Structures are given as C-alpha cells and as structure tokens.
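Colleague: My questions all concern the structure below.
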Amino acid sequence: MKSQDIRSQFLTFFKNKQHDIVPSAPMVLKDDPTLMFVNSGMAPFKEYFLGNAQPKNNRITDSQKCLRVSGKHNDLEEVGYDTYHHTLFEMLGNWSFGDYFKNEAIAWAWELLTEVYGIDKNILYVTVFEGSKEDKLPMDQEAYDLWKSFISEDRILMGNKKDNFWEMGDQGPCGPCSEIHVDIRSAEEKAKVDGKTLVNMDHPQVVEIWNLVFMQYNRKANGSLEVLPQKHIDTGMGFERLCMVLQGVQSNYDTDVFTPIIREIETIANKPYGENEDVDVAIRVISDHVRAVAFSIADGQLPSNTGAGYVIRRILRRAIRYSFTFLDQKEPFIYRLVDVLSKKMGEAFPELKSQKQLIENVIKEEEQSFLRTLDQGLVLLNRIVEESNSDTISGQKAFELYDTFGFPIDLTALILREKGLQLDEAGFQSEMKKQKDRSRAASEMSTEDWIILKEDTVQEFVGYDLLETNVKITRYRKV
Ligand code: ATP
Ligand code: MG
Ligand code: MG
Ligand code: MG
C-alpha cells in the first residue's frame, strides 16, 4: 500500500465516523512564546482543550506536521542512527473535544489497525496506565477492560506515569494513555528470546506507533487533580512508522516516504545505500533533514541567526556536515533533493509545490556559505596542525575553530584522526563548559509541551541560550 493511500485511509476512516478532516496547521509557531514548533498533533488544538475556544465540530481528524528538535521533545541526535525517529514527521490524529471517550477511541483504533489496515493482531501490544501513588490514582481499569475484549491479556502491559500519563505542563488537562506497539522482529530474531518472555519493549524492532490519550483530569495550580467535566480524546500515530509496518519493511527509511529521496542521493553522490554504515547514517540524516528544512521554509521560517531560524540553520548544517564528511560532497547538492520531495509530498502538502523555487534557492545559498566556512576551517585547521609541534592539538584551538568559525568539532576530530593526530577532548569540553556556564542565564526554561501563564504574569524577553547541541533557545522570564 502506498503511503499516500495509507494517509488517506486514515482520514477517510475517521471521516466516516463523523470527524471533520482539517489540514495540518503550520509547523512554525509565530506568536507562541512557550513553543517554537508544533511538536505533536495536539498543539494546534490547545485552546479547545483549555475551553478557551469552541471547534465547529467536536470531532476532528488530521495529519499534522511535527518537528521534534528542541525543548521537551528533542530527537535530533537520534536521527540517522535509529530507523524510526525523525526531526520532521507526520502525526495522524483523531480528536474528541468533550464528545466520545475511551470506548470509541479504543474500539476504532483497533478496527482501523486490524480490519482496515489488516495488521495481524499477534504482532500488537498495548500498554495501560498502572496508576500512581503520588497522585492517588488507580490503574486505568476502564482501558484495561476495553482492551481485553480485543486482545489477549498477555499482550496488555502496564506502563508507569512517565510513559502512560500525559500532561501538557504543570497545570491543565491531563490523563492516562494507552500506547500501541508493533513487534516487527523477524521470526529468527523472535526465536532468540526465551519462549516465556513475550517481548522486550526496548527492542529496536518493537516500535511504538500510536498513543491514545484520555484527558479526564485537570491538574490544578496546587498540583492536585480534579475530574474534568468534559472529557477529551487526543491520539497521535506516527505516519512514517505506520508505513513501515504496512509496507512490510524494517525501517522508516525503506518506505516510499523516503526511498525516492534516498535514490536521488545515491545517484547524485554516487554512493549506494546499505553497504557502509557511515554512508548510511549520512544518507538517513540528509533525507530526514531536507524534509524538515524544506517544510519550515515553506511555512515561512527561513534559516537565520536567531530563534526558530537558528534551529533550522543548525539542522541544515548538520546535513551539510554529514554530506561533506561521508559523501564527499564539496558542492551544494541538498537543494537538488527538493524537486523529488515536492513531487512526492506536494499533493498532501501543496505549500511544497508552490514554494519550491524559494526552498531550493534558500537551501542552495546556505549550502554555499556553510561549505565556504568548512573550507576556511580546513585551511585554519591545517595551519594549526603545521604550527603545532605536538601530536595533540589543544582543546582551546579546536574550540576557537568551533566557536568563532562554526567549524564542527566532530569534523576537527575526524580530520586530525586521519592525519594521525589527536585532539585534546578534555580541554575542548572544558572550554565548552565555560561557555555554557556563561550563557546559562539564571532564567528558567520550560521543558513542557507548553506552559500556562498565570493571569498576573507577563513575559519579558531575556535573551537566547546555547544548549549542548548549540541550538539557541529563546528564554522568557515571568515578571
Ligand atoms: P518514542 O517513545 O518512540 O520517542 P513518543 O512516546 O515520544 O515516541 P508520542 O509523543 O507519544 O511519541 O507521539 C505519538 C506518536 O508519534 C508516537 O507513537 C510515534 O509513532 C510518533 N513519533 C514520536 N516521535 C517521533 C519521531 N521523532 N519521529 C517519527 N515519529 C515519531
Ligand atoms: Mg519520544
Ligand atoms: Mg514513547
Ligand atoms: Mg508515546
């Protein structure tokens, strides 16, 4: 089944259950001081959950563009190294605002997965909230009993507060959730496991695909919970992961969401995918990052030196670094992938088609300028090497290259290694720490999905901050 059909079947299924299909909201948030990018399907609907606005229909379904590169959800460093975390991904969702609740949410999820998509129920697992002493909450018996009518009890696993209780922040609507996991291990892999152990949920081929959140409580300012008069459903399913399962492959990158981009990279760089691990990581990084950057530009967020623009610039530079180092691309080429991306995704996301020219131009210019930086950095690094009379290059010099010229440290380390030299990593880390301490402003930063400002709080901009990954986060202080 093609990815396009998988997406439309999801939407049609819920449309037939009286949901309105709505387009994805823009991924870049312009006026929200608490969140830079939409990082889950629920974010655009937060005013409905808070009761500040009323939807036209209290049942909605959509496929939302999400970006998880900062704050509470930051998957950036995973990307390329595993097969199912992306920076940009689509989250398929169905929503009930004070309408249906657990009964329908669970029954429909099951119907869609096993009857419409035809997933074998013997590869599915579900999780249920085990309860929390701290919050004086019992286990989610209601969800357990509903699941029991569909799936054998040894496939229902208990989950703790961290995984199975969703909260938007320290206040507001919250509730238990049930996750659906798919076991795509090969028969061979399964045979390795002792027959009694059904499954190790941490296995890389046992993948979470869908999270059903049952919002039934409200967390008050004093930390206590009250039952919500109006209960809500919020679900999110990773589209690319669903495609992996339905297309019978072991990696999101082997689905038709990614293969056209990967084929194009292979052709341009003249390097095959699947033969060398470094090359493979680079190809996965580039095929992922080009999507994140292209969608952001289409949404109006260009790479820049501040805020969200800086995050986008860092993502693109990460891709350029990998292509420079592992695919030997010394000339701009990532912009050339935009064509195939917009052909592939342009139907579902027309902004990719209409903004194609702009996206290509912006990416190409960024590539040119960062490749120049890399070139200059190489010259400087060579000079440092020539002038040094030791075979260890000082951490301070490497830090200067990194800090002043934007020359990435992993590249410095790699080049030195190739020359048979060493880098004083501890010295570099200590310079890095000094800089972090300087920039770790006293202000607090929210790591939640969002924060609810108390009525008497106003926000004052207090500057940017540099995190480990060098992603700038805008900080605000409540005054
Ligand atoms: P994981 O545990 O795999 O990191 P999660 O629990 O953080 O996922 P949720 O916040 O529950 O994810 O989001 C709902 C669904 O979105 C997940 O079940 C998964 O299918 C998908 N998803 C989450 N993060 C990513 C990502 N970085 N790339 C692709 N899909 C994702
Ligand atoms: Mg996660
Ligand atoms: Mg999870
Ligand atoms: Mg989850």
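Residue numbering restarts at 1 for every chain of the structure tokens, chains are lettered A, B, ... in their displayed order, and ligands are numbered from 1 as they appear.
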Once you count only C-alpha atoms and all ligand atoms, which residues end up within 8 Å of ligand 3, and could you hand them over as a list in words?
Modeller: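 The neighbouring residues of ligand 3 are, in order, Asp163, Glu179 and Glu208 of chain A.
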Colleague: Using the selection just defined, write its residues with C-alpha atoms as a short mmCIF file (atom, residue, chain, number, x, y, z; two decimals), in the first residue's frame.
Modeller:
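What follows is the written file out-v3.cif:
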```cif
data_model
loop_
_atom_site.label_atom_id
_atom_site.label_comp_id
_atom_site.auth_asym_id
_atom_site.auth_seq_id
_atom_site.Cartn_x
_atom_site.Cartn_y
_atom_site.Cartn_z
CA ASP A 163 5.14 6.64 29.62
CA GLU A 179 0.13 3.12 23.56
CA GLU A 208 5.51 2.42 19.39
#
```
Colleague: List all protein, DNA and RNA residues that have an atom no more than 8 Å from any atom of ligand 2, counting only C-alpha atoms and all ligand atoms, and report them as a list in words.
Modeller: His73, Asn74, Asp75 and His85 of chain A
Colleague: Show me, as a Markdown table, the residues of chain A having an atom within 10 Å of ligand 4, each with the closest atom pair and its distance in Å, using only C-alpha atoms and all ligand atoms.
Modeller:
```
| residue | atom | partner | partner_atom_place_in_ligand_line | distance |
| --- | --- | --- | --- | --- |
| A:Lys162 | CA | ligand 4 | 1 (Mg) | 9.6 |
| A:Asp163 | CA | ligand 4 | 1 (Mg) | 6.5 |
| A:Asn164 | CA | ligand 4 | 1 (Mg) | 7.7 |
| A:Phe165 | CA | ligand 4 | 1 (Mg) | 9.5 |
| A:Trp166 | CA | ligand 4 | 1 (Mg) | 8.8 |
| A:Cys177 | CA | ligand 4 | 1 (Mg) | 8.5 |
| A:Ser178 | CA | ligand 4 | 1 (Mg) | 8.5 |
| A:Glu179 | CA | ligand 4 | 1 (Mg) | 6.3 |
| A:Ile180 | CA | ligand 4 | 1 (Mg) | 8.8 |
| A:His181 | CA | ligand 4 | 1 (Mg) | 9.7 |
| A:Glu208 | CA | ligand 4 | 1 (Mg) | 6.9 |
| A:Ile209 | CA | ligand 4 | 1 (Mg) | 8.0 |
| A:Trp210 | CA | ligand 4 | 1 (Mg) | 7.1 |
| A:Asn211 | CA | ligand 4 | 1 (Mg) | 5.3 |
| A:Leu212 | CA | ligand 4 | 1 (Mg) | 8.5 |
| A:Val213 | CA | ligand 4 | 1 (Mg) | 9.2 |
| A:Thr235 | CA | ligand 4 | 1 (Mg) | 9.8 |
| A:Gly236 | CA | ligand 4 | 1 (Mg) | 8.3 |
| A:Met237 | CA | ligand 4 | 1 (Mg) | 9.0 |
| A:Gly238 | CA | ligand 4 | 1 (Mg) | 9.7 |
```
Colleague: Please identify every residue of segment 209-279 of chain A that has at least one atom no farther than 10 Å from an atom of segment 7-15 of chain A, counting only C-alpha atoms, and for each give the shortest atom pair and the distance in Å to one decimal, arranged by chain then increasing number, as a Markdown table.
Modeller:
```
| residue | atom | partner | partner_atom | distance |
| --- | --- | --- | --- | --- |
| A:Phe239 | CA | A:Arg7 | CA | 7.4 |
| A:Glu240 | CA | A:Arg7 | CA | 9.8 |
| A:Leu242 | CA | A:Arg7 | CA | 9.4 |
| A:Cys243 | CA | A:Arg7 | CA | 8.9 |
```
Colleague: Would you return as a PyMOL selection string the members of segment 24-154 of chain A that DSSP assigns to strand (DSSP E or B) on this structure's backbone?
Modeller: chain A and resi 28+37+59-67+69-70+73-74+79+82+88-97+124-129+132+137
